[in-house]
Amino acid sequence: MLAQRLPSILPPLGASELLEVSMIASIAGALADGKLSDRRPFRAPHHSASMAAMVGGGLRVKPGEVSLAHCGVLFLDEFPEFTPQVLDSLRQPLESGECMIARANHRVTYPARFQLIAAMNPCRCGMAGEPGHRCARGPRCQTDYQARISGPLMDRIDLKVDVPAVSAADLIRPGQSETSATVAERVARARQVQRERATEFGQGAMLTNAALSNSLVEKLAAPDAAGASLLAEASEKLSFSARAYHRILKVARTLADLDGTDTVGRVHLAEAISYRMAGERLAQQAA
């Protein structure tokens, strides 16, 4: 449900984005009645999807799900149920923002700049870690299930959040919440700040922090003294890869933009690091 609501808090497609999305849909034969929409795409393929369905291909090469989700959201439910080969095919589009399909006589490149959202149970039976339940296979079930996702792919996922089961009492008891419209306003303000910053540094095509080069993000997301100390300590203790280091900076920069602050502080870096390490804690619990 949360994944399906994400497009509602994202800003509408810009003119150039709308053109790109429409062209991809037209090539794939998915442009319904020739109608255009400024709503960002939301694609949710079944876990039985083939390699060609995910990244594109076929006798007459067509865009796959990663390109049909361009400028929008690609949601993969039951993440480990996808074949490892299909999952690892996402690594190149996630890194470069495009999908290249090579054939003997020609090569086609489609844009594929999307937000990947994945959901999974902690183990195959879904009961690991639940109070009052015990997995029949024990810790091995959780370890084997999560091992279906490769380390390089997990390294490209910036936010890892453990979502506990919702009880009946949670549904009955009223709680504090924000409307999608309120969150969308905050996201729009942060996107505008990022757009102005990118334009100032001559990077007009880069509308989000995720698209910044590593050298530029080190400059634009340079933390304050307390934040730099925390990042150095965490990098040493947790052995971050170069990719993880720069992705943490990008997430921290975005968190600062959402807070409306110019400086990336210790609190922003601490939150960015906690999101990345949530997956590591789950793996340690499985072991």
# chains A, B, ... in the order shown; residues from 1 in each chain; ligands from 1
>>> select_by_dssp(residues="segment 61-186 of chain A", states="strand (DSSP E)", output="list in words")
Lys62, Pro63, Val73, Leu74, Phe75, Leu76, Glu98, Cys99, Met100, Ile101, Ala102, Arg107, Val108, Thr109, Tyr110, Pro111, Gln115, Leu116, Ile117 and Ala118 of chain A
>>> closest_atom_pairs(of="segment 158-217 of chain A", to="segment 242-250 of chain A", cutoff="12 Å", atoms="only C-alpha atoms", output="Markdown table")
| residue | atom | partner | partner_atom | distance |
| --- | --- | --- | --- | --- |
| A:Asp158 | CA | A:Arg247 | CA | 6.7 |
| A:Leu159 | CA | A:Ile248 | CA | 9.5 |
| A:Gln194 | CA | A:Lys250 | CA | 11.3 |
| A:Thr208 | CA | A:Lys250 | CA | 9.4 |
| A:Asn209 | CA | A:Lys250 | CA | 5.8 |
| A:Ala210 | CA | A:Lys250 | CA | 6.2 |
| A:Ala211 | CA | A:Lys250 | CA | 9.1 |
| A:Leu212 | CA | A:Lys250 | CA | 8.2 |
| A:Ser213 | CA | A:His246 | CA | 9.1 |
| A:Asn214 | CA | A:His246 | CA | 6.3 |
| A:Ser215 | CA | A:His246 | CA | 9.1 |
| A:Leu216 | CA | A:His246 | CA | 10.1 |
| A:Val217 | CA | A:Lys250 | CA | 6.6 |
>>> select_by_dssp(residues="segment 67-195 of chain A", states="helix (DSSP H, G or I)", output="ChimeraX atom specification")
/A:67-68,79-81,84-88,91-96,139-146,151-154,168-172,180-195
>>> write_last_selection(atoms="N, CA and C atoms", output="short mmCIF file (atom, residue, chain, number, x, y, z; two decimals), in the first residue's frame")
data_model
loop_
_atom_site.label_atom_id
_atom_site.label_comp_id
_atom_site.auth_asym_id
_atom_site.auth_seq_id
_atom_site.Cartn_x
_atom_site.Cartn_y
_atom_site.Cartn_z
N SER A 67 12.32 0.46 -18.18
CA SER A 67 12.17 1.66 -19.00
C SER A 67 10.75 2.21 -18.93
N LEU A 68 9.76 1.32 -18.82
CA LEU A 68 8.38 1.78 -18.67
C LEU A 68 8.17 2.50 -17.34
N PHE A 79 10.41 -9.65 -3.22
CA PHE A 79 11.70 -9.39 -3.87
C PHE A 79 12.53 -10.65 -4.11
N PRO A 80 12.75 -11.52 -3.10
CA PRO A 80 13.61 -12.68 -3.32
C PRO A 80 13.00 -13.73 -4.25
N GLU A 81 11.70 -13.62 -4.56
CA GLU A 81 11.06 -14.61 -5.42
C GLU A 81 11.42 -14.40 -6.90
N PRO A 84 17.48 -14.74 -9.46
CA PRO A 84 18.69 -13.93 -9.23
C PRO A 84 19.20 -13.25 -10.48
N GLN A 85 19.07 -13.89 -11.63
CA GLN A 85 19.55 -13.28 -12.88
C GLN A 85 18.74 -12.03 -13.22
N VAL A 86 17.43 -12.09 -13.03
CA VAL A 86 16.58 -10.94 -13.31
C VAL A 86 16.90 -9.79 -12.35
N LEU A 87 17.10 -10.12 -11.07
CA LEU A 87 17.41 -9.08 -10.09
C LEU A 87 18.75 -8.42 -10.41
N ASP A 88 19.75 -9.21 -10.74
CA ASP A 88 21.06 -8.63 -11.02
C ASP A 88 21.07 -7.82 -12.32
N ARG A 91 21.12 -3.97 -11.89
CA ARG A 91 22.28 -3.24 -11.37
C ARG A 91 22.75 -2.15 -12.33
N GLN A 92 22.83 -2.47 -13.61
CA GLN A 92 23.31 -1.48 -14.58
C GLN A 92 22.33 -0.32 -14.76
N PRO A 93 21.02 -0.56 -14.93
CA PRO A 93 20.09 0.57 -15.02
C PRO A 93 20.09 1.45 -13.77
N LEU A 94 20.19 0.84 -12.59
CA LEU A 94 20.22 1.63 -11.36
C LEU A 94 21.44 2.54 -11.30
N GLU A 95 22.54 2.08 -11.86
CA GLU A 95 23.78 2.85 -11.80
C GLU A 95 23.83 3.93 -12.87
N SER A 96 23.41 3.60 -14.09
CA SER A 96 23.58 4.53 -15.22
C SER A 96 22.32 5.30 -15.61
N PRO A 139 16.84 -20.22 12.07
CA PRO A 139 17.56 -19.12 11.42
C PRO A 139 17.97 -19.43 9.98
N ARG A 140 18.12 -20.72 9.64
CA ARG A 140 18.55 -21.09 8.28
C ARG A 140 17.55 -20.60 7.24
N CYS A 141 16.28 -20.62 7.58
CA CYS A 141 15.25 -20.18 6.64
C CYS A 141 15.46 -18.72 6.25
N GLN A 142 15.70 -17.86 7.24
CA GLN A 142 15.89 -16.44 6.99
C GLN A 142 17.18 -16.19 6.22
N THR A 143 18.25 -16.88 6.59
CA THR A 143 19.54 -16.70 5.94
C THR A 143 19.47 -17.08 4.46
N ASP A 144 18.91 -18.24 4.17
CA ASP A 144 18.84 -18.72 2.79
C ASP A 144 17.95 -17.81 1.94
N TYR A 145 16.86 -17.37 2.52
CA TYR A 145 15.91 -16.56 1.75
C TYR A 145 16.52 -15.21 1.38
N GLN A 146 17.15 -14.55 2.34
CA GLN A 146 17.73 -13.24 2.07
C GLN A 146 18.98 -13.34 1.20
N GLY A 151 24.83 -9.21 -2.90
CA GLY A 151 25.41 -8.08 -2.19
C GLY A 151 25.52 -6.83 -3.03
N PRO A 152 26.01 -6.91 -4.30
CA PRO A 152 26.11 -5.71 -5.13
C PRO A 152 24.77 -5.03 -5.37
N LEU A 153 23.68 -5.80 -5.47
CA LEU A 153 22.36 -5.18 -5.65
C LEU A 153 21.91 -4.51 -4.36
N MET A 154 22.12 -5.17 -3.23
CA MET A 154 21.74 -4.56 -1.95
C MET A 154 22.53 -3.29 -1.69
N ALA A 168 -4.48 -5.67 15.07
CA ALA A 168 -5.84 -5.12 15.05
C ALA A 168 -5.94 -3.88 15.92
N ALA A 169 -5.18 -3.88 17.03
CA ALA A 169 -5.20 -2.71 17.91
C ALA A 169 -4.65 -1.48 17.21
N ASP A 170 -3.64 -1.66 16.36
CA ASP A 170 -3.09 -0.54 15.61
C ASP A 170 -4.13 0.06 14.66
N LEU A 171 -4.97 -0.80 14.09
CA LEU A 171 -5.99 -0.32 13.16
C LEU A 171 -7.13 0.39 13.89
N ILE A 172 -7.42 -0.05 15.10
CA ILE A 172 -8.52 0.54 15.86
C ILE A 172 -8.10 1.85 16.51
N SER A 180 -1.26 12.91 2.01
CA SER A 180 -0.32 12.86 0.89
C SER A 180 -0.06 14.26 0.35
N ALA A 181 -1.07 15.11 0.36
CA ALA A 181 -0.91 16.48 -0.16
C ALA A 181 0.10 17.26 0.67
N THR A 182 0.10 17.07 2.00
CA THR A 182 1.06 17.76 2.86
C THR A 182 2.48 17.30 2.58
N VAL A 183 2.66 15.98 2.45
CA VAL A 183 3.99 15.46 2.17
C VAL A 183 4.44 15.89 0.78
N ALA A 184 3.50 15.92 -0.18
CA ALA A 184 3.83 16.30 -1.56
C ALA A 184 4.35 17.73 -1.62
N GLU A 185 3.81 18.62 -0.81
CA GLU A 185 4.28 20.00 -0.77
C GLU A 185 5.73 20.05 -0.29
N ARG A 186 6.05 19.27 0.72
CA ARG A 186 7.42 19.24 1.25
C ARG A 186 8.39 18.68 0.21
N VAL A 187 7.96 17.64 -0.49
CA VAL A 187 8.79 17.05 -1.53
C VAL A 187 9.01 18.04 -2.67
N ALA A 188 7.95 18.76 -3.05
CA ALA A 188 8.06 19.73 -4.14
C ALA A 188 9.04 20.84 -3.79
N ARG A 189 9.02 21.30 -2.54
CA ARG A 189 9.96 22.35 -2.12
C ARG A 189 11.39 21.84 -2.19
N ALA A 190 11.61 20.60 -1.73
CA ALA A 190 12.96 20.03 -1.76
C ALA A 190 13.43 19.84 -3.20
N ARG A 191 12.54 19.40 -4.08
CA ARG A 191 12.90 19.22 -5.49
C ARG A 191 13.26 20.56 -6.13
N GLN A 192 12.54 21.61 -5.76
CA GLN A 192 12.84 22.93 -6.32
C GLN A 192 14.21 23.41 -5.87
N VAL A 193 14.54 23.18 -4.61
CA VAL A 193 15.87 23.54 -4.11
C VAL A 193 16.95 22.78 -4.87
N GLN A 194 16.73 21.50 -5.10
CA GLN A 194 17.71 20.68 -5.82
C GLN A 194 17.85 21.14 -7.27
N ARG A 195 16.72 21.52 -7.88
CA ARG A 195 16.77 21.99 -9.27
C ARG A 195 17.57 23.28 -9.37
#
>>> residues_around(residues="Ala49 of chain A", least_positions_apart="6", cutoff="10 Å", atoms="only C-alpha atoms", output="count of residues only")
4
>>> residues_around(residues="Arg39 of chain A", least_positions_apart="6", cutoff="12 Å", atoms="only C-alpha atoms", output="PyMOL selection string")
chain A and resi 6-15+17-18+21-22+69-73
>>> residues_around(residues="Ala44 of chain A", least_positions_apart="4", cutoff="7 Å", atoms="only C-alpha atoms", output="VMD selection string")
chain A and resid 74 to 76
>>> write_last_selection(atoms="N, CA and C atoms", output="PDB file, in the first residue's frame")
ATOM      1  N   LEU A  74       9.376   1.699  -9.891  1.00  0.00           N
ATOM      2  CA  LEU A  74       9.352   0.274 -10.196  1.00  0.00           C
ATOM      3  C   LEU A  74       9.228  -0.463  -8.865  1.00  0.00           C
ATOM      4  N   PHE A  75       8.102  -1.143  -8.664  1.00  0.00           N
ATOM      5  CA  PHE A  75       7.836  -1.821  -7.397  1.00  0.00           C
ATOM      6  C   PHE A  75       7.946  -3.331  -7.601  1.00  0.00           C
ATOM      7  N   LEU A  76       8.834  -3.953  -6.842  1.00  0.00           N
ATOM      8  CA  LEU A  76       9.029  -5.398  -6.906  1.00  0.00           C
ATOM      9  C   LEU A  76       8.586  -6.014  -5.583  1.00  0.00           C
TER      10      LEU A  76
END
>>> atom_distance(atom1="atom CA of Leu2 of chain A", atom2="atom CA of Pro63 of chain A")
26.3 Å
>>> residues_around(residues="Arg60 of chain A", least_positions_apart="2", cutoff="12 Å", atoms="only C-alpha atoms", output="ChimeraX atom specification")
/A:27-28,52,56-58,62-63,101,103,106-108
>>> atom_distance(atom1="atom CA of Arg113 of chain A", atom2="atom CA of Glu20 of chain A")
10.8 Å
>>> closest_residue(among="A:Ala252, A:Met23, A:Met1, A:Val163", to="Ala228 of chain A", atoms="only C-alpha atoms")
A:Ala252
>>> residues_around(residues="Tyr275 of chain A", least_positions_apart="3", cutoff="7 Å", atoms="only C-alpha atoms", output="list in words")
Asp158, Leu159, Lys160, Val161, Glu271, Ala272 and Ala278 of chain A
>>> write_last_selection(atoms="C-alpha atoms", output="PDB file, in the first residue's frame")
ATOM      1  CA  ASP A 158      19.810   3.345  -0.012  1.00  0.00           C
ATOM      2  CA  LEU A 159      16.852   3.033   2.361  1.00  0.00           C
ATOM      3  CA  LYS A 160      16.153  -0.245   4.157  1.00  0.00           C
ATOM      4  CA  VAL A 161      13.249  -0.123   6.571  1.00  0.00           C
ATOM      5  CA  GLU A 271      19.542   9.095   9.795  1.00  0.00           C
ATOM      6  CA  ALA A 272      21.040   8.277   6.378  1.00  0.00           C
ATOM      7  CA  ALA A 278      18.853  -1.570   8.718  1.00  0.00           C
TER       8      ALA A 278
END
